[in-house]
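Text of run.cif, listed as mmCIF, C-alpha atoms and all ligand atoms:
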data_input
#
loop_
_atom_site.group_PDB
_atom_site.id
_atom_site.type_symbol
_atom_site.label_atom_id
_atom_site.label_comp_id
_atom_site.auth_asym_id
_atom_site.auth_seq_id
_atom_site.Cartn_x
_atom_site.Cartn_y
_atom_site.Cartn_z
ATOM 1 C CA MET R 106 147.000 169.159 240.495
ATOM 2 C CA HIS R 107 148.310 167.311 243.521
ATOM 3 C CA PHE R 108 150.418 168.744 246.281
ATOM 4 C CA GLN R 109 152.618 167.367 248.973
ATOM 5 C CA TRP R 110 152.514 169.849 251.794
ATOM 6 C CA TYR R 111 155.403 170.253 254.185
ATOM 7 C CA PRO R 112 155.658 172.788 257.006
ATOM 8 C CA GLY R 113 157.959 174.941 254.843
ATOM 9 C CA HIS R 114 155.422 175.019 251.998
ATOM 10 C CA MET R 115 152.638 175.865 254.367
ATOM 11 C CA THR R 116 154.532 178.764 255.935
ATOM 12 C CA LYS R 117 155.393 180.106 252.488
ATOM 13 C CA ALA R 118 151.826 179.774 251.200
ATOM 14 C CA LYS R 119 150.472 181.478 254.294
ATOM 15 C CA ARG R 120 152.949 184.345 254.085
ATOM 16 C CA GLN R 121 152.162 184.839 250.397
ATOM 17 C CA MET R 122 148.487 184.953 251.161
ATOM 18 C CA GLN R 123 148.989 187.448 253.968
ATOM 19 C CA GLU R 124 150.746 189.697 251.446
ATOM 20 C CA ASP R 125 148.046 189.261 248.816
ATOM 21 C CA MET R 126 145.316 189.975 251.345
ATOM 22 C CA LYS R 127 146.641 193.521 251.678
ATOM 23 C CA LEU R 128 145.781 194.148 248.046
ATOM 24 C CA ILE R 129 142.212 192.956 247.950
ATOM 25 C CA ASP R 130 138.706 193.767 249.132
ATOM 26 C CA LEU R 131 137.084 190.378 248.664
ATOM 27 C CA VAL R 132 138.126 186.766 249.189
ATOM 28 C CA ILE R 133 136.428 184.383 246.760
ATOM 29 C CA GLU R 134 136.820 181.003 248.406
ATOM 30 C CA LEU R 135 136.072 177.847 246.468
ATOM 31 C CA VAL R 136 134.934 174.752 248.297
ATOM 32 C CA ASP R 137 133.827 171.397 246.936
ATOM 33 C CA ALA R 138 130.055 171.188 247.322
ATOM 34 C CA ARG R 139 130.308 167.464 248.140
ATOM 35 C CA ILE R 140 132.468 168.177 251.222
ATOM 36 C CA PRO R 141 132.017 171.872 251.972
ATOM 37 C CA LEU R 142 133.824 171.843 255.317
ATOM 38 C CA SER R 143 136.499 169.265 254.652
ATOM 39 C CA SER R 144 137.552 171.104 251.500
ATOM 40 C CA ARG R 145 138.241 174.322 253.422
ATOM 41 C CA ASN R 146 141.549 175.465 254.780
ATOM 42 C CA PRO R 147 141.599 175.907 258.543
ATOM 43 C CA ASP R 148 143.420 179.252 258.419
ATOM 44 C CA ILE R 149 141.436 181.080 255.774
ATOM 45 C CA ASP R 150 139.013 182.685 258.217
ATOM 46 C CA GLU R 151 141.860 184.184 260.194
ATOM 47 C CA LEU R 152 143.718 185.258 257.043
ATOM 48 C CA GLY R 153 140.672 186.902 255.497
ATOM 49 C CA LYS R 154 139.053 188.261 258.611
ATOM 50 C CA GLN R 155 139.012 191.929 257.540
ATOM 51 C CA LYS R 156 137.685 191.169 254.068
ATOM 52 C CA ALA R 157 134.361 190.675 252.393
ATOM 53 C CA ARG R 158 133.806 186.961 251.920
ATOM 54 C CA LEU R 159 132.213 184.958 249.156
ATOM 55 C CA ILE R 160 132.053 181.181 249.191
ATOM 56 C CA LEU R 161 131.563 179.429 245.875
ATOM 57 C CA MET R 162 130.182 175.937 246.349
ATOM 58 C CA ASN R 163 131.822 174.470 243.294
ATOM 59 C CA LYS R 164 131.177 171.144 241.565
ATOM 60 C CA ALA R 165 127.574 171.609 242.612
ATOM 61 C CA ASP R 166 126.698 169.588 239.500
ATOM 62 C CA LEU R 167 128.019 166.526 241.381
ATOM 63 C CA ALA R 168 126.454 167.298 244.763
ATOM 64 C CA ASP R 169 123.046 166.677 246.277
ATOM 65 C CA GLU R 170 121.033 169.824 245.621
ATOM 66 C CA SER R 171 119.061 169.709 248.858
ATOM 67 C CA GLN R 172 122.295 169.469 250.864
ATOM 68 C CA THR R 173 123.900 172.258 248.838
ATOM 69 C CA LYS R 174 120.961 174.427 249.781
ATOM 70 C CA LEU R 175 121.373 173.564 253.467
ATOM 71 C CA TRP R 176 125.089 174.262 253.278
ATOM 72 C CA SER R 177 124.423 177.628 251.624
ATOM 73 C CA GLU R 178 122.157 178.543 254.532
ATOM 74 C CA PHE R 179 124.775 177.294 256.971
ATOM 75 C CA PHE R 180 127.477 179.550 255.496
ATOM 76 C CA GLN R 181 125.105 182.487 255.048
ATOM 77 C CA GLY R 182 124.249 182.187 258.730
ATOM 78 C CA LYS R 183 127.930 182.719 259.443
ATOM 79 C CA GLY R 184 128.039 185.910 257.395
ATOM 80 C CA TYR R 185 129.389 184.674 254.050
ATOM 81 C CA PHE R 186 127.859 185.374 250.692
ATOM 82 C CA VAL R 187 127.332 182.059 248.928
ATOM 83 C CA VAL R 188 126.832 180.953 245.328
ATOM 84 C CA ARG R 189 126.505 177.387 244.058
ATOM 85 C CA LEU R 190 128.508 176.754 240.940
ATOM 86 C CA ASP R 191 129.685 174.541 238.115
ATOM 87 C CA ALA R 192 132.915 176.355 237.263
ATOM 88 C CA ARG R 193 133.097 174.702 233.853
ATOM 89 C CA SER R 194 129.896 176.341 232.724
ATOM 90 C CA LYS R 195 129.524 179.991 231.772
ATOM 91 C CA ALA R 196 125.976 180.038 233.105
ATOM 92 C CA GLY R 197 125.855 181.621 236.513
ATOM 93 C CA MET R 198 128.958 183.768 236.096
ATOM 94 C CA LYS R 199 126.830 186.893 235.643
ATOM 95 C CA ALA R 200 125.094 186.201 238.921
ATOM 96 C CA ILE R 201 128.505 186.135 240.580
ATOM 97 C CA ASN R 202 129.223 189.689 239.437
ATOM 98 C CA ASN R 203 126.138 190.909 241.238
ATOM 99 C CA VAL R 204 126.998 189.013 244.404
ATOM 100 C CA VAL R 205 130.566 190.358 244.297
ATOM 101 C CA LEU R 206 129.224 193.910 244.244
ATOM 102 C CA GLU R 207 126.723 193.108 246.954
ATOM 103 C CA ALA R 208 129.446 191.586 249.130
ATOM 104 C CA CYS R 209 131.614 194.687 248.674
ATOM 105 C CA LYS R 210 128.778 197.154 249.132
ATOM 106 C CA GLU R 211 130.281 198.643 252.281
ATOM 107 C CA LYS R 212 133.588 199.324 250.596
ATOM 108 C CA ILE R 213 131.896 200.840 247.552
ATOM 109 C CA GLU R 214 129.812 203.126 249.790
ATOM 110 C CA ARG R 215 132.903 204.086 251.766
ATOM 111 C CA ASP R 216 134.718 205.012 248.545
ATOM 112 C CA LYS R 217 131.739 207.097 247.493
ATOM 113 C CA ARG R 218 131.703 208.986 250.776
ATOM 114 C CA ARG R 219 135.385 209.739 250.351
ATOM 115 C CA GLY R 220 134.816 210.984 246.834
ATOM 116 C CA ILE R 221 136.607 208.026 245.215
ATOM 117 C CA LYS R 222 134.756 207.134 242.062
ATOM 118 C CA ASN R 223 134.911 204.028 239.913
ATOM 119 C CA ARG R 224 137.610 202.233 241.818
ATOM 120 C CA PRO R 225 137.090 198.598 240.967
ATOM 121 C CA VAL R 226 136.637 195.996 243.645
ATOM 122 C CA ARG R 227 139.694 193.787 243.864
ATOM 123 C CA ALA R 228 139.227 190.119 244.547
ATOM 124 C CA MET R 229 141.308 187.001 244.928
ATOM 125 C CA VAL R 230 140.388 183.360 244.411
ATOM 126 C CA VAL R 231 141.543 180.938 247.102
ATOM 127 C CA GLY R 232 141.089 177.289 247.955
ATOM 128 C CA ILE R 233 142.756 173.947 248.489
ATOM 129 C CA PRO R 234 144.106 172.089 245.423
ATOM 130 C CA ASN R 235 141.635 170.628 242.956
ATOM 131 C CA VAL R 236 138.527 172.538 244.023
ATOM 132 C CA GLY R 237 138.383 174.208 240.597
ATOM 133 C CA LYS R 238 140.178 177.537 241.101
ATOM 134 C CA SER R 239 141.868 177.628 237.669
ATOM 135 C CA THR R 240 138.729 176.436 235.922
ATOM 136 C CA PHE R 241 136.735 179.162 237.646
ATOM 137 C CA ILE R 242 139.203 181.929 236.808
ATOM 138 C CA ASN R 243 139.243 180.831 233.156
ATOM 139 C CA THR R 244 135.485 180.651 232.854
ATOM 140 C CA TYR R 245 134.805 183.785 234.879
ATOM 141 C CA ALA R 246 137.407 185.876 233.132
ATOM 142 C CA GLY R 247 136.656 184.386 229.736
ATOM 143 C CA LYS R 248 138.630 185.229 226.636
ATOM 144 C CA ALA R 249 137.744 188.875 226.534
ATOM 145 C CA CYS R 250 139.603 189.735 229.695
ATOM 146 C CA THR R 251 142.422 192.214 229.642
ATOM 147 C CA LYS R 252 145.286 191.863 231.988
ATOM 148 C CA THR R 253 146.296 194.934 233.868
ATOM 149 C CA GLY R 254 149.057 195.440 236.368
ATOM 150 C CA ASN R 255 152.366 197.075 236.757
ATOM 151 C CA LYS R 256 154.284 197.654 233.550
ATOM 152 C CA PRO R 257 156.985 195.057 232.902
ATOM 153 C CA GLY R 258 160.412 196.251 233.843
ATOM 154 C CA VAL R 259 159.148 199.016 236.084
ATOM 155 C CA THR R 260 158.212 197.101 239.183
ATOM 156 C CA LYS R 261 157.612 193.461 239.766
ATOM 157 C CA GLY R 262 153.940 193.430 240.564
ATOM 158 C CA LYS R 263 150.775 191.486 240.535
ATOM 159 C CA GLN R 264 148.793 190.761 237.435
ATOM 160 C CA TRP R 265 145.161 191.719 237.622
ATOM 161 C CA ILE R 266 142.448 190.512 235.331
ATOM 162 C CA ARG R 267 139.969 193.274 234.624
ATOM 163 C CA LEU R 268 136.601 191.553 234.485
ATOM 164 C CA ASN R 269 134.528 194.664 233.942
ATOM 165 C CA LYS R 270 134.608 198.233 235.099
ATOM 166 C CA ASN R 271 133.680 197.171 238.612
ATOM 167 C CA VAL R 272 135.793 194.120 239.348
ATOM 168 C CA GLU R 273 139.438 193.092 239.095
ATOM 169 C CA LEU R 274 140.721 189.641 239.927
ATOM 170 C CA LEU R 275 144.217 188.632 240.948
ATOM 171 C CA ASP R 276 145.264 186.303 238.145
ATOM 172 C CA THR R 277 146.894 183.642 240.319
ATOM 173 C CA PRO R 278 144.780 181.843 242.888
ATOM 174 C CA GLY R 279 145.873 181.434 246.477
ATOM 175 C CA ILE R 280 146.465 177.773 247.223
ATOM 176 C CA LEU R 281 146.180 176.535 250.767
ATOM 177 C CA TRP R 282 146.400 173.104 252.322
ATOM 178 C CA PRO R 283 143.458 171.072 253.595
ATOM 179 C CA LYS R 284 143.021 169.861 257.173
ATOM 180 C CA PHE R 285 144.757 166.630 256.270
ATOM 181 C CA GLU R 286 145.741 165.820 259.862
ATOM 182 C CA ASP R 287 142.065 164.958 260.379
ATOM 183 C CA GLN R 288 141.534 161.367 259.193
ATOM 184 C CA GLN R 289 137.928 161.915 258.234
ATOM 185 C CA VAL R 290 138.935 164.858 256.068
ATOM 186 C CA GLY R 291 141.659 162.756 254.436
ATOM 187 C CA LEU R 292 139.119 160.100 253.649
ATOM 188 C CA TYR R 293 136.662 162.544 252.087
ATOM 189 C CA LEU R 294 139.426 164.162 250.028
ATOM 190 C CA ALA R 295 140.484 160.729 248.849
ATOM 191 C CA LEU R 296 136.939 159.841 247.874
ATOM 192 C CA ILE R 297 136.477 162.932 245.719
ATOM 193 C CA GLY R 298 139.862 162.248 244.112
ATOM 194 C CA SER R 299 141.955 165.029 245.609
ATOM 195 C CA ILE R 300 144.627 162.741 247.027
ATOM 196 C CA LYS R 301 146.732 160.502 244.841
ATOM 197 C CA ASP R 302 145.257 157.035 244.493
ATOM 198 C CA GLU R 303 148.677 155.385 244.716
ATOM 199 C CA ILE R 304 148.940 156.267 248.368
ATOM 200 C CA LEU R 305 145.513 154.924 249.159
ATOM 201 C CA ASN R 306 144.004 151.552 249.517
ATOM 202 C CA ILE R 307 141.184 151.592 247.000
ATOM 203 C CA ASP R 308 139.464 148.607 248.623
ATOM 204 C CA GLU R 309 139.196 150.413 251.945
ATOM 205 C CA LEU R 310 138.078 153.565 250.207
ATOM 206 C CA SER R 311 135.268 151.750 248.438
ATOM 207 C CA LEU R 312 134.138 150.156 251.707
ATOM 208 C CA GLU R 313 133.949 153.598 253.234
ATOM 209 C CA LEU R 314 131.912 154.775 250.254
ATOM 210 C CA VAL R 315 129.570 151.822 250.709
ATOM 211 C CA ARG R 316 129.156 152.693 254.373
ATOM 212 C CA ILE R 317 128.324 156.336 253.605
ATOM 213 C CA LEU R 318 125.934 155.459 250.788
ATOM 214 C CA LYS R 319 124.065 152.878 252.846
ATOM 215 C CA GLU R 320 123.589 155.422 255.601
ATOM 216 C CA LYS R 321 122.930 158.632 253.669
ATOM 217 C CA TYR R 322 121.645 157.475 250.295
ATOM 218 C CA PRO R 323 119.898 154.156 250.874
ATOM 219 C CA GLY R 324 118.807 152.489 247.655
ATOM 220 C CA THR R 325 121.585 153.990 245.547
ATOM 221 C CA LEU R 326 123.772 150.883 245.534
ATOM 222 C CA ALA R 327 120.798 148.608 245.010
ATOM 223 C CA GLY R 328 119.604 150.758 242.138
ATOM 224 C CA ARG R 329 122.907 150.982 240.333
ATOM 225 C CA TYR R 330 124.472 147.558 240.987
ATOM 226 C CA GLU R 331 121.506 145.375 241.863
ATOM 227 C CA VAL R 332 122.999 144.453 245.204
ATOM 228 C CA GLU R 333 121.354 143.544 248.472
ATOM 229 C CA GLU R 334 122.102 146.489 250.770
ATOM 230 C CA GLY R 335 121.478 144.532 253.972
ATOM 231 C CA GLN R 336 124.884 142.831 253.649
ATOM 232 C CA ASP R 337 128.164 144.089 255.072
ATOM 233 C CA GLY R 338 130.599 146.098 252.933
ATOM 234 C CA PRO R 339 132.715 143.192 251.630
ATOM 235 C CA GLY R 340 129.515 141.313 250.769
ATOM 236 C CA ILE R 341 128.275 144.243 248.715
ATOM 237 C CA LEU R 342 131.649 144.652 247.031
ATOM 238 C CA GLY R 343 131.613 140.979 246.116
ATOM 239 C CA GLN R 344 128.169 141.281 244.598
ATOM 240 C CA VAL R 345 129.210 144.351 242.624
ATOM 241 C CA ALA R 346 132.191 142.344 241.340
ATOM 242 C CA GLN R 347 129.867 139.542 240.303
ATOM 243 C CA ASN R 348 127.232 141.729 238.660
ATOM 244 C CA ARG R 349 129.784 143.854 236.835
ATOM 245 C CA ASN R 350 131.870 140.911 235.741
ATOM 246 C CA CYS R 351 134.959 141.871 237.719
ATOM 247 C CA VAL R 352 136.766 138.516 237.702
ATOM 248 C CA LYS R 353 140.401 137.516 237.652
ATOM 249 C CA LYS R 354 141.845 135.033 235.168
ATOM 250 C CA GLY R 355 141.102 131.984 237.272
ATOM 251 C CA GLY R 356 137.476 133.059 237.689
ATOM 252 C CA GLU R 357 138.041 134.465 241.188
ATOM 253 C CA LEU R 358 136.174 137.709 242.000
ATOM 254 C CA ASP R 359 138.292 140.829 241.558
ATOM 255 C CA TYR R 360 137.368 142.958 244.560
ATOM 256 C CA SER R 361 139.856 145.715 243.726
ATOM 257 C CA LYS R 362 138.442 146.141 240.242
ATOM 258 C CA ALA R 363 134.936 146.423 241.652
ATOM 259 C CA ALA R 364 136.234 148.893 244.243
ATOM 260 C CA SER R 365 137.835 151.114 241.568
ATOM 261 C CA LEU R 366 134.726 150.944 239.451
ATOM 262 C CA MET R 367 132.525 152.102 242.283
ATOM 263 C CA VAL R 368 134.821 154.933 243.373
ATOM 264 C CA ASP R 369 135.196 156.087 239.739
ATOM 265 C CA GLU R 370 131.458 156.088 239.251
ATOM 266 C CA PHE R 371 131.018 158.148 242.389
ATOM 267 C CA ARG R 372 133.663 160.677 241.349
ATOM 268 C CA SER R 373 132.244 161.158 237.887
ATOM 269 C CA GLY R 374 128.690 161.569 239.150
ATOM 270 C CA ARG R 375 127.420 158.350 237.540
ATOM 271 C CA LEU R 376 126.320 157.129 240.969
ATOM 272 C CA GLY R 377 124.175 160.231 241.246
ATOM 273 C CA LYS R 378 124.421 163.621 242.919
ATOM 274 C CA ILE R 379 125.921 162.760 246.258
ATOM 275 C CA THR R 380 127.109 164.922 249.139
ATOM 276 C CA LEU R 381 129.381 163.162 251.623
ATOM 277 C CA GLU R 382 129.261 165.680 254.434
ATOM 278 C CA PHE R 383 125.954 166.982 255.808
ATOM 279 C CA PRO R 384 125.659 170.359 257.543
ATOM 280 C CA GLN R 385 123.530 169.385 260.541
ATOM 281 C CA ARG R 386 126.408 167.227 261.775
ATOM 282 C CA GLN R 387 128.601 170.265 262.303
ATOM 283 C CA GLU R 388 126.259 172.194 264.558
HETATM 284 P P1 LIG J 1 142.457 173.886 241.046
HETATM 285 O O1 LIG J 1 142.905 175.013 240.170
HETATM 286 O O2 LIG J 1 141.670 174.366 242.223
HETATM 287 O O3 LIG J 1 143.547 172.966 241.459
HETATM 288 O O4 LIG J 1 141.413 172.991 240.225
HETATM 289 P P2 LIG J 1 141.176 172.879 238.636
HETATM 290 O O5 LIG J 1 140.583 174.135 238.109
HETATM 291 O O6 LIG J 1 142.436 172.382 238.023
HETATM 292 O O7 LIG J 1 140.061 171.755 238.590
HETATM 293 C C1 LIG J 1 140.288 170.436 239.064
HETATM 294 C C2 LIG J 1 139.395 169.466 238.327
HETATM 295 O O8 LIG J 1 138.021 169.735 238.661
HETATM 296 C C3 LIG J 1 139.445 169.572 236.808
HETATM 297 O O9 LIG J 1 139.225 168.256 236.303
HETATM 298 C C4 LIG J 1 138.246 170.423 236.462
HETATM 299 O O10 LIG J 1 137.774 170.222 235.145
HETATM 300 C C5 LIG J 1 137.256 169.909 237.464
HETATM 301 N N1 LIG J 1 136.209 170.898 237.779
HETATM 302 C C6 LIG J 1 136.366 172.207 238.122
HETATM 303 N N2 LIG J 1 135.183 172.766 238.392
HETATM 304 C C7 LIG J 1 134.243 171.804 238.241
HETATM 305 C C8 LIG J 1 132.811 171.771 238.420
HETATM 306 O O11 LIG J 1 132.151 172.750 238.816
HETATM 307 N N3 LIG J 1 132.196 170.569 238.189
HETATM 308 C C9 LIG J 1 132.876 169.460 237.819
HETATM 309 N N4 LIG J 1 132.176 168.345 237.617
HETATM 310 N N5 LIG J 1 134.224 169.464 237.638
HETATM 311 C C10 LIG J 1 134.895 170.609 237.852
HETATM 312 P P3 LIG J 1 140.388 167.315 235.821
HETATM 313 O O12 LIG J 1 139.808 165.973 235.683
HETATM 314 O O13 LIG J 1 141.584 167.476 236.699
HETATM 315 O O14 LIG J 1 140.776 167.909 234.473
HETATM 316 P P4 LIG J 1 139.908 167.863 233.123
HETATM 317 O O15 LIG J 1 139.323 166.519 233.050
HETATM 318 O O16 LIG J 1 138.869 168.924 233.210
HETATM 319 O O17 LIG J 1 140.938 168.144 232.118
#

Represent the structure from my file as structure tokens, please.
Amino acid sequence: MHFQWYPGHMTKAKRQMQEDMKLIDLVIELVDARIPLSSRNPDIDELGKQKARLILMNKADLADESQTKLWSEFFQGKGYFVVRLDARSKAGMKAINNVVLEACKEKIERDKRRGIKNRPVRAMVVGIPNVGKSTFINTYAGKACTKTGNKPGVTKGKQWIRLNKNVELLDTPGILWPKFEDQQVGLYLALIGSIKDEILNIDELSLELVRILKEKYPGTLAGRYEVEEGQDGPGILGQVAQNRNCVKKGGELDYSKAASLMVDEFRSGRLGKITLEFPQRQE
């Protein structure tokens, strides 16, 4: 799902989220574990400031586990509950239930003190496009879920998915925009495939990937493409083209084909579990 954000869209999305926030106890925010900060919306902290907060580090299957652990500690240090996740897999969803209850403990206790029994925790899934919100809702809710909500024709209301006796989830995720005015963020989003390729120069993108890999994951390019990592970016790209038989009709090396191949292999995880953004850099 790709979005073009304009100021009007952003205002509307923000207003919608402000309304939805009134209905919930917990914000379940999905981020991409490969770029945990760049895949966050700048306004979500302000929007959800009165709420319990859970960050799901999604696509953790594609990210560097040691960095995911550091990022979890980073977010926990800021008061969020954190769970690493592959939203496509059912494993781990049970653990989320427990964390949801833990995150909403205060509210549950408060209800108890006021004599309110068995009122489910209400949660909402939010995130920028493509982080896996729909996948998560489908997997988490599963087939057995029952939809609750206001009766049709009576009032136009929200649909809630009843997950179990303790938790209800708003059935439509809140979609917010990324910090795309930041060039570095734009680049990271492009690398993970969250910005349309047509508007990007794939050659430049691959050179950026080469730069990051050489610095943060030395040996990866050499291991996968049998290239000499001491060269500059174009040199490496040329060698990848040669070793992977990316040639044009006349026998000339096809740099763009090699660039696409490399970026595709990164996105699909074939280059390994790679995190682009490291937490210590943010401190
Ligand atoms: P959104 O609602 O936040 O926009 O995201 P959505 O669920 O549509 O997921 C975006 C893409 O990310 C989908 O791939 C989805 O399968 C994939 N995805 C979601 N969670 C995970 C995860 O934890 N790990 C990995 N590796 N991928 C994940 P797609 O290519 O757009 O669609 P499809 O190939 O699954 O059909």

Residues of region 120-233 of chain R that have any atom at most 12 Å from an atom of region 271-287 of chain R: could you tabulate them with the shortest-distance atom pair and the distance in Å to one decimal, using all atoms listed in the file, ordered by chain and increasing number, as CSV?
residue,atom,partner,partner_atom,distance
R:Arg120,CA,R:Gly279,CA,10.8
R:Gln121,CA,R:Gly279,CA,8.2
R:Met122,CA,R:Gly279,CA,6.4
R:Gln123,CA,R:Gly279,CA,10.1
R:Glu124,CA,R:Gly279,CA,10.8
R:Asp125,CA,R:Gly279,CA,8.5
R:Met126,CA,R:Gly279,CA,9.8
R:Leu128,CA,R:Leu275,CA,9.1
R:Ile129,CA,R:Leu275,CA,8.5
R:Asp130,CA,R:Glu273,CA,10.1
R:Leu131,CA,R:Leu274,CA,9.5
R:Val132,CA,R:Gly279,CA,9.8
R:Ile133,CA,R:Pro278,CA,9.5
R:Glu134,CA,R:Gly279,CA,9.3
R:Leu135,CA,R:Pro278,CA,10.2
R:Val136,CA,R:Pro283,CA,10.7
R:Asp137,CA,R:Pro283,CA,11.7
R:Ile140,CA,R:Pro283,CA,11.6
R:Pro141,CA,R:Pro283,CA,11.6
R:Leu142,CA,R:Lys284,CA,9.6
R:Ser143,CA,R:Lys284,CA,7.0
R:Ser144,CA,R:Pro283,CA,6.3
R:Arg145,CA,R:Pro283,CA,6.1
R:Asn146,CA,R:Pro283,CA,4.9
R:Pro147,CA,R:Lys284,CA,6.4
R:Asp148,CA,R:Leu281,CA,8.6
R:Ile149,CA,R:Leu281,CA,8.3
R:Leu152,CA,R:Leu281,CA,11.0
R:Gly153,CA,R:Gly279,CA,11.8
R:Ile201,CA,R:Val272,CA,10.9
R:Asn202,CA,R:Val272,CA,7.9
R:Asn203,CA,R:Asn271,CA,10.1
R:Val204,CA,R:Val272,CA,11.4
R:Val205,CA,R:Val272,CA,8.1
R:Leu206,CA,R:Asn271,CA,7.9
R:Glu207,CA,R:Asn271,CA,11.6
R:Ala208,CA,R:Val272,CA,11.9
R:Cys209,CA,R:Val272,CA,10.2
R:Lys210,CA,R:Asn271,CA,11.6
R:Ile213,CA,R:Asn271,CA,9.8
R:Lys222,CA,R:Asn271,CA,10.6
R:Asn223,CA,R:Asn271,CA,7.1
R:Arg224,CA,R:Asn271,CA,7.2
R:Pro225,CA,R:Asn271,CA,4.4
R:Val226,CA,R:Val272,CA,4.8
R:Arg227,CA,R:Glu273,CA,4.8
R:Ala228,CA,R:Leu274,CA,4.9
R:Met229,CA,R:Leu275,CA,5.2
R:Val230,CA,R:Pro278,CA,4.9
R:Val231,CA,R:Gly279,CA,4.4
R:Gly232,CA,R:Ile280,CA,5.4
R:Ile233,CA,R:Leu281,CA,4.9

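The residues caught by the PyMOL selection byres (((not hetatm)) within 8 of (chain J and resi 1)) in this file are Met106, His107, Leu135, Asn163, Lys164, Ala165, Asp166, Leu167, Leu190, Asp191, Ala192, Arg193, Ser194, Gly232, Ile233, Pro234, Asn235, Val236, Gly237, Lys238, Ser239, Thr240, Phe241, Pro278, Ile280, Ser373 and Gly374 of chain R.
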
Could you list, as a PyMOL selection string, every residue within 12 Å of Phe371 (chain R), counting all atoms listed in the file and ignoring same-chain residues fewer than 6 positions away? chain R and resi 139+167-168+295-298+310-311+314-315+317-318+325-326+329+364-365+377-381

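Taking CA of Thr116 (chain R) and CA of Lys154 (chain R) as the two end points, the separation is 18.4 Å.
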
Length of the CA of Gln181 (chain R) to CA of Asp169 (chain R) vector [Å]: 18.2 Å

Show me that you can extract region 328-346 of chain R, keeping C-alpha atoms, and write it as a JSON list (two decimals), in the first residue's frame.
[["chain", "number", "residue", "atom", "x", "y", "z"],
["R", 328, "GLY", "CA", 30.25, -13.26, 1.00],
["R", 329, "ARG", "CA", 27.21, -13.00, -1.22],
["R", 330, "TYR", "CA", 28.65, -11.57, -4.46],
["R", 331, "GLU", "CA", 32.33, -12.42, -4.25],
["R", 332, "VAL", "CA", 33.32, -8.79, -4.58],
["R", 333, "GLU", "CA", 36.32, -6.92, -3.26],
["R", 334, "GLU", "CA", 34.90, -4.61, -0.58],
["R", 335, "GLY", "CA", 37.87, -2.24, -0.63],
["R", 336, "GLN", "CA", 36.60, -0.65, -3.87],
["R", 337, "ASP", "CA", 34.25, 2.31, -4.15],
["R", 338, "GLY", "CA", 30.51, 1.81, -4.65],
["R", 339, "PRO", "CA", 30.45, 1.88, -8.47],
["R", 340, "GLY", "CA", 33.37, -0.55, -8.52],
["R", 341, "ILE", "CA", 31.47, -2.98, -6.32],
["R", 342, "LEU", "CA", 28.32, -2.57, -8.40],
["R", 343, "GLY", "CA", 30.31, -3.33, -11.53],
["R", 344, "GLN", "CA", 31.73, -6.47, -9.99],
["R", 345, "VAL", "CA", 28.28, -7.60, -8.88],
["R", 346, "ALA", "CA", 27.10, -7.05, -12.46]]
